[in-house]
Each structure stands twice: as structure tokens, then as C-alpha cells.
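What follows is a set of notes on a single structure, which appears directly below.
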Amino acid sequence: MKRLLPIFLLVVVLAASSSARAETDAEVAARKTALDLAGAFANDGFKTRDGHWCGTVKPHDHALVAVNLYAGNQYWFSAGASEPSAKIGVNVYDETGKQVSTETHNTGDKAAAGFAPENSGQYFVSVDLLEGQEGSFCLVYSYK
């Protein structure tokens with residue numbers, strides 16, 4: 001019995017820590033929106049990466065995500081937002097902070113930026129709140 005107590009406590013601690021950062025309903029809705037948009041790029045042969053980034057974005061502020069990208073691949077970064085965010089935008093910057101030229105798609109609560117990097121390295125993806133109030137966002141990306 002004394003051996004089972006530490007194992008039981010370990011299981012309880014691990015279960016509690018895994019649920020400490022559960023996604024909110026707004027983040028889940030934003031992720032669904034982002035995945036719906038990313039699914040459109042799948043028709044062109046893009047594969048959606050496992051994983052996503054969720055958070056909140058405020059007016060006149062942006063959220064930055066660092067990603068490592070490889071020359072020769074093409075990428076689409078798709079973001080979705082939940083209400084009360086009315087319009088978001090996605091931009092990509094190189095490791096020096098210079099904005100790179102991208103194809104864009106923007107329909108209010110959905111936005112995407114696509115490009116093919118000339119150099120492999122670290123890039124930064126910015127999700128900006130263009131209109132509306134502070135709200136949740138989710139970012140996913142696709143490649144081919």
C-alpha cells in the first residue's frame with residue numbers, strides 16, 4: 001500500500017499539470033477558423049503542420065511567433081480570430097526584422113500570408129488586430 005501512494009500522487013500531479021493550460025472556448029473557435037482556412041490550401045497540395053499557437057491579440061498590438069523555415073519550400077500561415085476581434089492580419093518578417101513580400105488573404109476574422117523563402121533560417125510571423133477589441137487568435141501553418 002505504501003508503494004501505491006507515491007504512484008497515485010504522481011498520476012494526480014501529472015493530470016493536474018496537463019490541464020493547467022487548457023484552451024478556452026474562444027481559442028478553440030479561433031483554431032477551427034484557422035484550420036478551415038488552412039484546409040483551402042490543402043487543395044493546392046499543402047500539408048498542415050501539427051501544432052498551433054493560440055493567444056490573445058490586443059488593438060494596436062501584435063503577437064509574434066518564431067518559426068524555422070527552409071529554402072525551397074512554400075509556406076502559408078493561416079490565422080483565425082474569435083469575437084470581438086473583427087479583422088486580423090498576418091505578416092512575415094525575416095531574422096533581421098525586415099518584412100518579406102507575401103501573398104495575402106484576408107476576410108475579416110481569417111487571414112493568411114504565403115511565401116517561399118529564398119534562405120533557410122528563422123522567420124517571425126505576426127498576427128495583428130486591425131479592427132475590433134481584444135480577442136483570441138490561433139495560428140497554423142502549411143507547407144509543400
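Simple scheme: letters A, B, ... for chains in C-alpha cells order, numbers from 1 for residues in each chain, numbers from 1 for ligands in the order shown.
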Helix (DSSP H, G or I) per DSSP on the backbone: members of chain A, as a PDB file with C-alpha atoms, in the first residue's frame:
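File out-v8.pdb, as written:
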```pdb
ATOM      1  CA  LEU A   4       0.947   2.749  -4.368  1.00  0.00           C
ATOM      2  CA  LEU A   5       0.614   6.124  -2.626  1.00  0.00           C
ATOM      3  CA  PRO A   6       3.597   7.786  -4.412  1.00  0.00           C
ATOM      4  CA  ILE A   7       2.444   6.399  -7.762  1.00  0.00           C
ATOM      5  CA  PHE A   8      -1.088   7.678  -7.165  1.00  0.00           C
ATOM      6  CA  LEU A   9       0.234  11.123  -6.192  1.00  0.00           C
ATOM      7  CA  LEU A  10       2.429  11.239  -9.311  1.00  0.00           C
ATOM      8  CA  VAL A  11      -0.570  10.439 -11.518  1.00  0.00           C
ATOM      9  CA  VAL A  12      -2.651  13.170  -9.827  1.00  0.00           C
ATOM     10  CA  VAL A  13       0.122  15.771 -10.229  1.00  0.00           C
ATOM     11  CA  LEU A  14       0.647  14.910 -13.903  1.00  0.00           C
ATOM     12  CA  ALA A  15      -3.093  15.081 -14.610  1.00  0.00           C
ATOM     13  CA  ALA A  16      -3.376  18.449 -12.878  1.00  0.00           C
ATOM     14  CA  SER A  17      -0.380  19.918 -14.702  1.00  0.00           C
ATOM     15  CA  SER A  18      -1.590  18.811 -18.133  1.00  0.00           C
ATOM     16  CA  ASP A  25     -13.705  28.170 -25.952  1.00  0.00           C
ATOM     17  CA  ALA A  26     -12.614  31.310 -27.810  1.00  0.00           C
ATOM     18  CA  GLU A  27      -9.236  29.744 -28.664  1.00  0.00           C
ATOM     19  CA  VAL A  28     -10.950  26.570 -29.867  1.00  0.00           C
ATOM     20  CA  ALA A  29     -13.240  28.649 -32.106  1.00  0.00           C
ATOM     21  CA  ALA A  30     -10.237  30.588 -33.438  1.00  0.00           C
ATOM     22  CA  ARG A  31      -8.389  27.328 -34.147  1.00  0.00           C
ATOM     23  CA  LYS A  32     -11.383  25.973 -36.074  1.00  0.00           C
ATOM     24  CA  THR A  33     -11.430  29.140 -38.169  1.00  0.00           C
ATOM     25  CA  ALA A  34      -7.682  28.894 -38.845  1.00  0.00           C
ATOM     26  CA  LEU A  35      -7.923  25.210 -39.788  1.00  0.00           C
ATOM     27  CA  ASP A  36     -10.853  25.916 -42.130  1.00  0.00           C
ATOM     28  CA  LEU A  37      -8.702  28.442 -43.964  1.00  0.00           C
ATOM     29  CA  ALA A  38      -5.644  26.147 -43.977  1.00  0.00           C
ATOM     30  CA  GLY A  39      -7.827  23.413 -45.467  1.00  0.00           C
ATOM     31  CA  ALA A  40      -8.331  25.536 -48.573  1.00  0.00           C
ATOM     32  CA  PHE A  41      -4.564  25.440 -49.188  1.00  0.00           C
ATOM     33  CA  ALA A  42      -4.614  21.635 -48.885  1.00  0.00           C
TER      34      ALA A  42
END
```
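Excluding Ser136 in chain A itself and same-chain residues fewer than 2 positions from it, the residues having an atom within 9 Å of it are Thr24, Ala26, Glu27, Ala29, Ala30, Cys54, Gly55, Thr56, Val57, Lys58, Gly80, Ala81, Ser82, Glu83, Pro84, Ser85, Glu134 and Cys138 of chain A, counting only C-alpha atoms.
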Those same residues - N, CA, C and O atoms - I'd like them written as a tab-separated table (two decimals), in the first residue's frame.
```tsv
chain	number	residue	atom	x	y	z
A	24	THR	N	-9.24	27.84	-24.09
A	24	THR	CA	-10.56	28.41	-23.84
A	24	THR	C	-11.47	28.13	-25.03
A	24	THR	O	-11.00	27.75	-26.12
A	26	ALA	N	-12.95	30.34	-26.77
A	26	ALA	CA	-12.61	31.31	-27.81
A	26	ALA	C	-11.40	30.85	-28.62
A	26	ALA	O	-11.36	31.01	-29.84
A	27	GLU	N	-10.41	30.25	-27.95
A	27	GLU	CA	-9.24	29.74	-28.66
A	27	GLU	C	-9.60	28.56	-29.54
A	27	GLU	O	-9.08	28.41	-30.65
A	29	ALA	N	-12.53	28.08	-30.96
A	29	ALA	CA	-13.24	28.65	-32.11
A	29	ALA	C	-12.26	29.28	-33.09
A	29	ALA	O	-12.41	29.13	-34.31
A	30	ALA	N	-11.25	29.97	-32.58
A	30	ALA	CA	-10.24	30.59	-33.44
A	30	ALA	C	-9.44	29.51	-34.18
A	30	ALA	O	-9.12	29.67	-35.36
A	54	CYS	N	-1.87	29.62	-29.98
A	54	CYS	CA	-3.06	30.36	-29.59
A	54	CYS	C	-2.68	31.42	-28.56
A	54	CYS	O	-1.70	31.28	-27.85
A	55	GLY	N	-3.46	32.46	-28.52
A	55	GLY	CA	-3.23	33.52	-27.54
A	55	GLY	C	-4.25	34.61	-27.73
A	55	GLY	O	-5.29	34.42	-28.37
A	56	THR	N	-3.95	35.77	-27.17
A	56	THR	CA	-4.82	36.92	-27.34
A	56	THR	C	-4.06	38.01	-28.07
A	56	THR	O	-2.84	38.12	-27.97
A	57	VAL	N	-4.79	38.79	-28.81
A	57	VAL	CA	-4.21	39.92	-29.52
A	57	VAL	C	-5.03	41.15	-29.16
A	57	VAL	O	-6.25	41.08	-29.05
A	58	LYS	N	-4.32	42.25	-28.92
A	58	LYS	CA	-4.94	43.49	-28.48
A	58	LYS	C	-4.88	44.54	-29.58
A	58	LYS	O	-4.03	44.46	-30.46
A	80	GLY	N	-6.87	32.52	-37.45
A	80	GLY	CA	-8.29	32.76	-37.23
A	80	GLY	C	-8.46	33.48	-35.90
A	80	GLY	O	-7.65	33.33	-35.00
A	81	ALA	N	-9.50	34.28	-35.82
A	81	ALA	CA	-9.77	35.02	-34.59
A	81	ALA	C	-11.20	34.77	-34.15
A	81	ALA	O	-12.05	34.41	-34.95
A	82	SER	N	-11.44	34.98	-32.88
A	82	SER	CA	-12.80	34.86	-32.35
A	82	SER	C	-13.29	36.24	-31.97
A	82	SER	O	-12.50	37.17	-31.80
A	83	GLU	N	-14.59	36.37	-31.86
A	83	GLU	CA	-15.18	37.67	-31.49
A	83	GLU	C	-14.67	38.07	-30.12
A	83	GLU	O	-14.40	37.21	-29.29
A	84	PRO	N	-14.45	39.31	-29.86
A	84	PRO	CA	-14.87	40.51	-30.57
A	84	PRO	C	-13.84	41.04	-31.57
A	84	PRO	O	-13.96	42.17	-32.01
A	85	SER	N	-12.84	40.23	-31.92
A	85	SER	CA	-11.89	40.67	-32.94
A	85	SER	C	-12.60	40.70	-34.28
A	85	SER	O	-13.17	39.70	-34.71
A	134	GLU	N	-9.92	43.35	-28.12
A	134	GLU	CA	-9.05	42.24	-27.74
A	134	GLU	C	-9.79	40.92	-27.85
A	134	GLU	O	-10.93	40.79	-27.42
A	138	CYS	N	-5.64	32.07	-33.27
A	138	CYS	CA	-4.91	30.83	-33.41
A	138	CYS	C	-4.19	30.88	-34.76
A	138	CYS	O	-4.74	31.35	-35.75
```
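If you count only C-alpha atoms and ignore residues fewer than 3 places along the chain from Asp128 in chain A, what sits within 7 Å of it is Val57, Asp61, His62, Ala63, Ile88, Gly89 and Val90 of chain A.
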Write the residues of the preceding selection, restricted to all heavy atoms, as a compact mmCIF listing (two decimals), in the first residue's frame.
```txt
# COMPACT_ATOMS: atom_id res chain seq x y z
N VAL A 57 -4.79 38.79 -28.81
CA VAL A 57 -4.21 39.92 -29.52
C VAL A 57 -5.03 41.15 -29.16
O VAL A 57 -6.25 41.08 -29.05
CB VAL A 57 -4.15 39.65 -31.04
CG1 VAL A 57 -5.53 39.52 -31.66
CG2 VAL A 57 -3.32 40.67 -31.75
N ASP A 61 -1.54 46.24 -31.20
CA ASP A 61 -0.51 45.34 -30.70
C ASP A 61 -0.49 44.14 -31.65
O ASP A 61 -1.37 43.98 -32.48
CB ASP A 61 -0.84 44.91 -29.27
CG ASP A 61 0.39 44.38 -28.54
OD1 ASP A 61 1.49 44.41 -29.11
OD2 ASP A 61 0.23 43.93 -27.39
N HIS A 62 0.52 43.31 -31.53
CA HIS A 62 0.57 42.11 -32.35
C HIS A 62 1.20 40.98 -31.56
O HIS A 62 1.88 41.20 -30.56
CB HIS A 62 1.34 42.37 -33.65
CG HIS A 62 2.72 42.87 -33.43
ND1 HIS A 62 3.01 44.21 -33.41
CD2 HIS A 62 3.88 42.24 -33.18
CE1 HIS A 62 4.30 44.37 -33.18
NE2 HIS A 62 4.84 43.19 -33.02
N ALA A 63 0.95 39.77 -32.03
CA ALA A 63 1.55 38.58 -31.44
C ALA A 63 2.60 38.06 -32.42
O ALA A 63 2.33 37.99 -33.62
CB ALA A 63 0.49 37.53 -31.19
N ILE A 88 -8.24 40.69 -38.60
CA ILE A 88 -6.84 40.44 -38.27
C ILE A 88 -6.01 40.42 -39.53
O ILE A 88 -6.54 40.33 -40.64
CB ILE A 88 -6.66 39.11 -37.50
CG1 ILE A 88 -7.16 37.93 -38.35
CG2 ILE A 88 -7.35 39.15 -36.15
CD1 ILE A 88 -6.80 36.58 -37.75
N GLY A 89 -4.71 40.51 -39.36
CA GLY A 89 -3.78 40.45 -40.47
C GLY A 89 -2.59 39.58 -40.08
O GLY A 89 -2.26 39.45 -38.91
N VAL A 90 -1.95 38.99 -41.10
CA VAL A 90 -0.77 38.16 -40.88
C VAL A 90 0.36 38.71 -41.74
O VAL A 90 0.18 38.95 -42.94
CB VAL A 90 -1.05 36.68 -41.25
CG1 VAL A 90 0.20 35.83 -41.10
CG2 VAL A 90 -2.18 36.11 -40.41
```
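Of the residues under consideration (A:Val67, A:Lys98, A:Val92, A:Gly114), A:Gly114 shows the shortest atom-to-atom contact distance to Ser142 in chain A when counting only C-alpha atoms.
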As a check of understanding: the span from CA of Glu23 in chain A to CA of Val140 in chain A is 15.1 Å
